[in-house]
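> Below is a structure I'd like to ask you about.
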Amino acid sequence: MLLNIALHGMGDAIGANTWKSRRNDSPALIRYADDFVVLCTSEREAWDCKSTLAAWLAPRGLSFNEEKTKVCHLEEGFDFLGFNIRRYQGKPIIKPSDEAVRRARKRIKETVRIYQGSTVENLVSALDPFVRGWSTYYRHAVSSTTFQKLDTYTYECLWRWACKQHRTKSGRWITQRYWGQYRPGRTAKWIFGNPERHVSKFAWTKIVRHTLVKGNASRDDPELTEYWLKRARKRLPQVETKKIVTLAARQKGLCTKCGTDLIEGAGYDPEDVSDWARWFSANSRGINVHHTVYRSQGGSDRLSNLEVIHTSCHRLHHAEDRKRTSR
């Protein structure tokens with residue numbers, strides 16, 4: 001928030017994201033907190049924008065980190081927020097960066113290693129939220145090939161885990177014990193886990209193109225509250241159930257009983273891989289759909305009568321009810 005306040009007006013300083021003439025040739029500024037990219041029509045314009053921004057930042061006590069700042073052609077490409085943006089044969093392509101993929105492979109390998117000797121349920125609980133969270137974060141980019149490669153790498157790690165678990169068993173025995181057709185509605189037979197819990201595949205996440213924010217729409221505009229809630233709901237298509245997503249968005253990601261985050265450290269509008277992973281582990285973190293008017297008292301299952309709260313808050317609430325009833 002403080003960075004957004006401090007850097008507000010940066011785009012105006014270089015005339016970014018405006019119509020200079022009948023052609024849309026103004027610089028394009030994309031910023032997230034203190035990380036930003038300026039796309040220009042020429043190298044000279046890029047250097048001019050850098051000089052202008054340096055002068056704009058100086059009175060605010062800020063300056064460029066020269067080690068991380070560079071001017072490059074789109075044909076060369078660059079990394080930004082875990083994505084690689086590069087032009088291939090005249091067409092700009094956005095895909096997961098090589099560094100992001102390396103971090104994902106390391107995370108998968110480390111998770112499997114940590115749970116060597118543990119139960120399959122514990123391994124699935126630790127690995128599946130990351131797989132679903134990572135693929136959801138990158139589902140707006142050209143990620144299909146990357147998803148398939150990560151699925152192959154995940155299978156290799158899990159196969160080594162299973163072989164170490166049962167060093168004297170045959171490959172067929174290991175396959176029958178840990179892999180099967182565990183996902184309803186899918187014909188895939190090489191799914192790791194058991195009928196109750198299994199590891200999802202990266203490739204199961206559908207690629208969905210990102211919808212741009214309309215005009216100058218701001219989250220701080222009270223007239224656009226419903227617009228931003230709808231965007232938040234659309235951005236959470238596979239998190240838990242649509243009911244939980246809708247309720248969490250309505251509650252701004254907060255528990256109505258204790259007032260803290262439903263998912264510790266993750267707002268209702270996730271912004272990075274870690275946030276998505278926390279959302280996908282919501283069941284293990286403990287959230288519960290609660291009826292404000294109990295069904296035993298005539299309450300309905302309509303959204304207006306529902307709220308999502310921590311499981312611990314839910315237990316405490318009903319415990320207090322039982323105390324009041326026994327008096």
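Residues are referred to by chain and number: the chain letter is A, B, ... according to the order shown in the structure tokens, the number counts from 1 in that chain, and ligands are numbered separately from 1 in the order shown.
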Which residues are close to Pro96 (chain A), i.e. within 8 Å by only C-alpha atoms, leaving aside same-chain residues fewer than 4 positions away? Reply as an NGL selection string.

:A and (82-84 or 100-101 or 138 or 141-143 or 146)

> Keeping only N, CA, C and O atoms, take the residues you just selected and write them out as a compact mmCIF listing (two decimals), in the first residue's frame.


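Saved the output as selection_37.txt:
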```txt
# COMPACT_ATOMS: atom_id res chain seq x y z
N GLY A 82 7.94 -13.51 -12.46
CA GLY A 82 7.89 -14.95 -12.71
C GLY A 82 7.51 -15.31 -14.13
O GLY A 82 7.44 -16.51 -14.46
N PHE A 83 7.28 -14.33 -14.98
CA PHE A 83 6.92 -14.57 -16.37
C PHE A 83 8.06 -14.12 -17.28
O PHE A 83 8.82 -13.21 -16.93
N ASN A 84 8.16 -14.74 -18.45
CA ASN A 84 9.09 -14.29 -19.48
C ASN A 84 8.29 -13.70 -20.62
O ASN A 84 7.37 -14.34 -21.15
N ALA A 100 11.45 -19.40 -12.78
CA ALA A 100 10.24 -19.84 -12.07
C ALA A 100 10.06 -21.35 -12.18
O ALA A 100 9.67 -22.02 -11.22
N VAL A 101 10.37 -21.90 -13.35
CA VAL A 101 10.26 -23.35 -13.54
C VAL A 101 11.30 -24.07 -12.70
O VAL A 101 11.01 -25.11 -12.09
N TYR A 138 -0.14 -19.44 -13.26
CA TYR A 138 0.39 -19.31 -14.62
C TYR A 138 -0.63 -19.69 -15.69
O TYR A 138 -0.27 -19.82 -16.86
N ALA A 141 -0.95 -17.55 -19.01
CA ALA A 141 0.15 -17.45 -19.96
C ALA A 141 0.17 -18.65 -20.91
O ALA A 141 -0.69 -19.52 -20.84
N VAL A 142 1.17 -18.68 -21.79
CA VAL A 142 1.35 -19.81 -22.70
C VAL A 142 2.11 -20.88 -21.92
O VAL A 142 3.34 -20.94 -21.94
N SER A 143 1.36 -21.71 -21.21
CA SER A 143 1.96 -22.59 -20.21
C SER A 143 1.73 -24.08 -20.44
O SER A 143 2.21 -24.90 -19.65
N THR A 146 4.90 -26.20 -20.59
CA THR A 146 5.55 -26.19 -19.27
C THR A 146 4.80 -27.08 -18.30
O THR A 146 5.42 -27.83 -17.52
```

> Suppose you want the space between CA of His210 (chain A) and CA of His140 (chain A); what is it in Å?

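CA of His140 (chain A) lies at a distance of 5.4 Å from CA of His210 (chain A).
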
> Pull the strand (DSSP E or B) assignments for region 15-148 of chain A out of DSSP run on the backbone, and list those residues as a ChimeraX atom specification.

/A:28-32,35-39,78-80,83-88,91-96

> Could you write out the selected residues, including C-alpha atoms, as a PDB file, in the first residue's frame?


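Result went into again.pdb, see below:
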```
ATOM      1  CA  ALA A  28       3.101   1.259 -21.618  1.00  0.00           C
ATOM      2  CA  LEU A  29       3.782   1.059 -17.871  1.00  0.00           C
ATOM      3  CA  ILE A  30       3.081  -2.155 -15.938  1.00  0.00           C
ATOM      4  CA  ARG A  31       3.778  -1.933 -12.205  1.00  0.00           C
ATOM      5  CA  TYR A  32       3.388  -4.239  -9.209  1.00  0.00           C
ATOM      6  CA  ASP A  35       8.616  -3.718  -9.669  1.00  0.00           C
ATOM      7  CA  PHE A  36       7.720  -2.242 -13.034  1.00  0.00           C
ATOM      8  CA  VAL A  37       8.276  -2.480 -16.770  1.00  0.00           C
ATOM      9  CA  VAL A  38       8.032   0.287 -19.361  1.00  0.00           C
ATOM     10  CA  LEU A  39       7.423  -0.809 -22.954  1.00  0.00           C
ATOM     11  CA  PHE A  78      12.900 -10.200 -20.162  1.00  0.00           C
ATOM     12  CA  ASP A  79      11.528 -11.714 -16.947  1.00  0.00           C
ATOM     13  CA  PHE A  80       8.879  -9.990 -14.821  1.00  0.00           C
ATOM     14  CA  PHE A  83       6.917 -14.570 -16.370  1.00  0.00           C
ATOM     15  CA  ASN A  84       9.086 -14.291 -19.476  1.00  0.00           C
ATOM     16  CA  ILE A  85       7.946 -11.782 -22.088  1.00  0.00           C
ATOM     17  CA  ARG A  86       9.558 -12.173 -25.495  1.00  0.00           C
ATOM     18  CA  ARG A  87       8.715 -11.733 -29.165  1.00  0.00           C
ATOM     19  CA  TYR A  88       8.920 -14.845 -31.325  1.00  0.00           C
ATOM     20  CA  LYS A  91       4.490 -12.306 -32.006  1.00  0.00           C
ATOM     21  CA  PRO A  92       4.835 -11.409 -28.289  1.00  0.00           C
ATOM     22  CA  ILE A  93       4.601 -14.510 -26.099  1.00  0.00           C
ATOM     23  CA  ILE A  94       4.231 -14.589 -22.300  1.00  0.00           C
ATOM     24  CA  LYS A  95       5.159 -17.807 -20.545  1.00  0.00           C
ATOM     25  CA  PRO A  96       6.571 -18.975 -17.191  1.00  0.00           C
TER      26      PRO A  96
END
```

> Using only C-alpha atoms, determine which residues lie at most 10 Å from Ala6 (chain A), disregarding the query and same-chain residues fewer than 6 positions distant; provide the list as a ChimeraX atom specification.

/A:33-34,57,60,62

> Could you take the residues named above and write them with C-alpha atoms, as a tab-separated table (two decimals), in the first residue's frame?


```tsv
chain	number	residue	atom	x	y	z
A	33	ALA	CA	4.50	-2.60	-5.94
A	34	ASP	CA	8.05	-1.39	-6.70
A	57	LEU	CA	12.01	9.34	-8.12
A	60	ARG	CA	10.99	10.95	-3.11
A	62	LEU	CA	14.09	6.65	-4.34
```

> Which distance in Å separates CA of Gly180 (chain A) and CA of Tyr137 (chain A), to one decimal?

27.1 Å

> Could you check which of A:Gln176, A:Thr136, A:Ser144, A:Leu127 is closest to Leu158 (chain A), using only C-alpha atoms?

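Under the stated criterion, the closest residue is A:Leu127.
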
> Which residue, A:Ala13, A:Arg177, A:Ile309, A:Lys109, has the smallest gap to Thr260 (chain A) when you use only C-alpha atoms?

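Using only C-alpha atoms, the shortest distance to Thr260 (chain A) belongs to A:Ile309.
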
> Could you name the residues that touch Phe192 (chain A) at 6 Å or less, counting only C-alpha atoms, but leaving out those on the same chain fewer than 4 positions away, as a PyMOL selection string?

chain A and resi 178-179+198-199

> Within region 94-278 of chain A, find each residue whose DSSP state, derived from the backbone, is alpha helix (DSSP H), and express the selection as a ChimeraX atom specification.

/A:98-114,120-137,144-165,171-178,225-234,242-250,273-278

> Kindly indicate which residue among A:Ala54, A:Cys40, A:Cys255, A:Leu306 lies nearest to Gly15 (chain A), using only C-alpha atoms for the distances.

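Using only C-alpha atoms, the shortest distance to Gly15 (chain A) belongs to A:Cys40.
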
> In Å to one decimal, how far is CA of Gly117 (chain A) from CA of Arg167 (chain A)?

11.8 Å

> Could you list, as a ChimeraX atom specification, every residue within 10 Å of Arg197 (chain A), counting only C-alpha atoms and ignoring same-chain residues fewer than 3 positions away?

/A:120-122,124-125,128,182-183,192-194,200
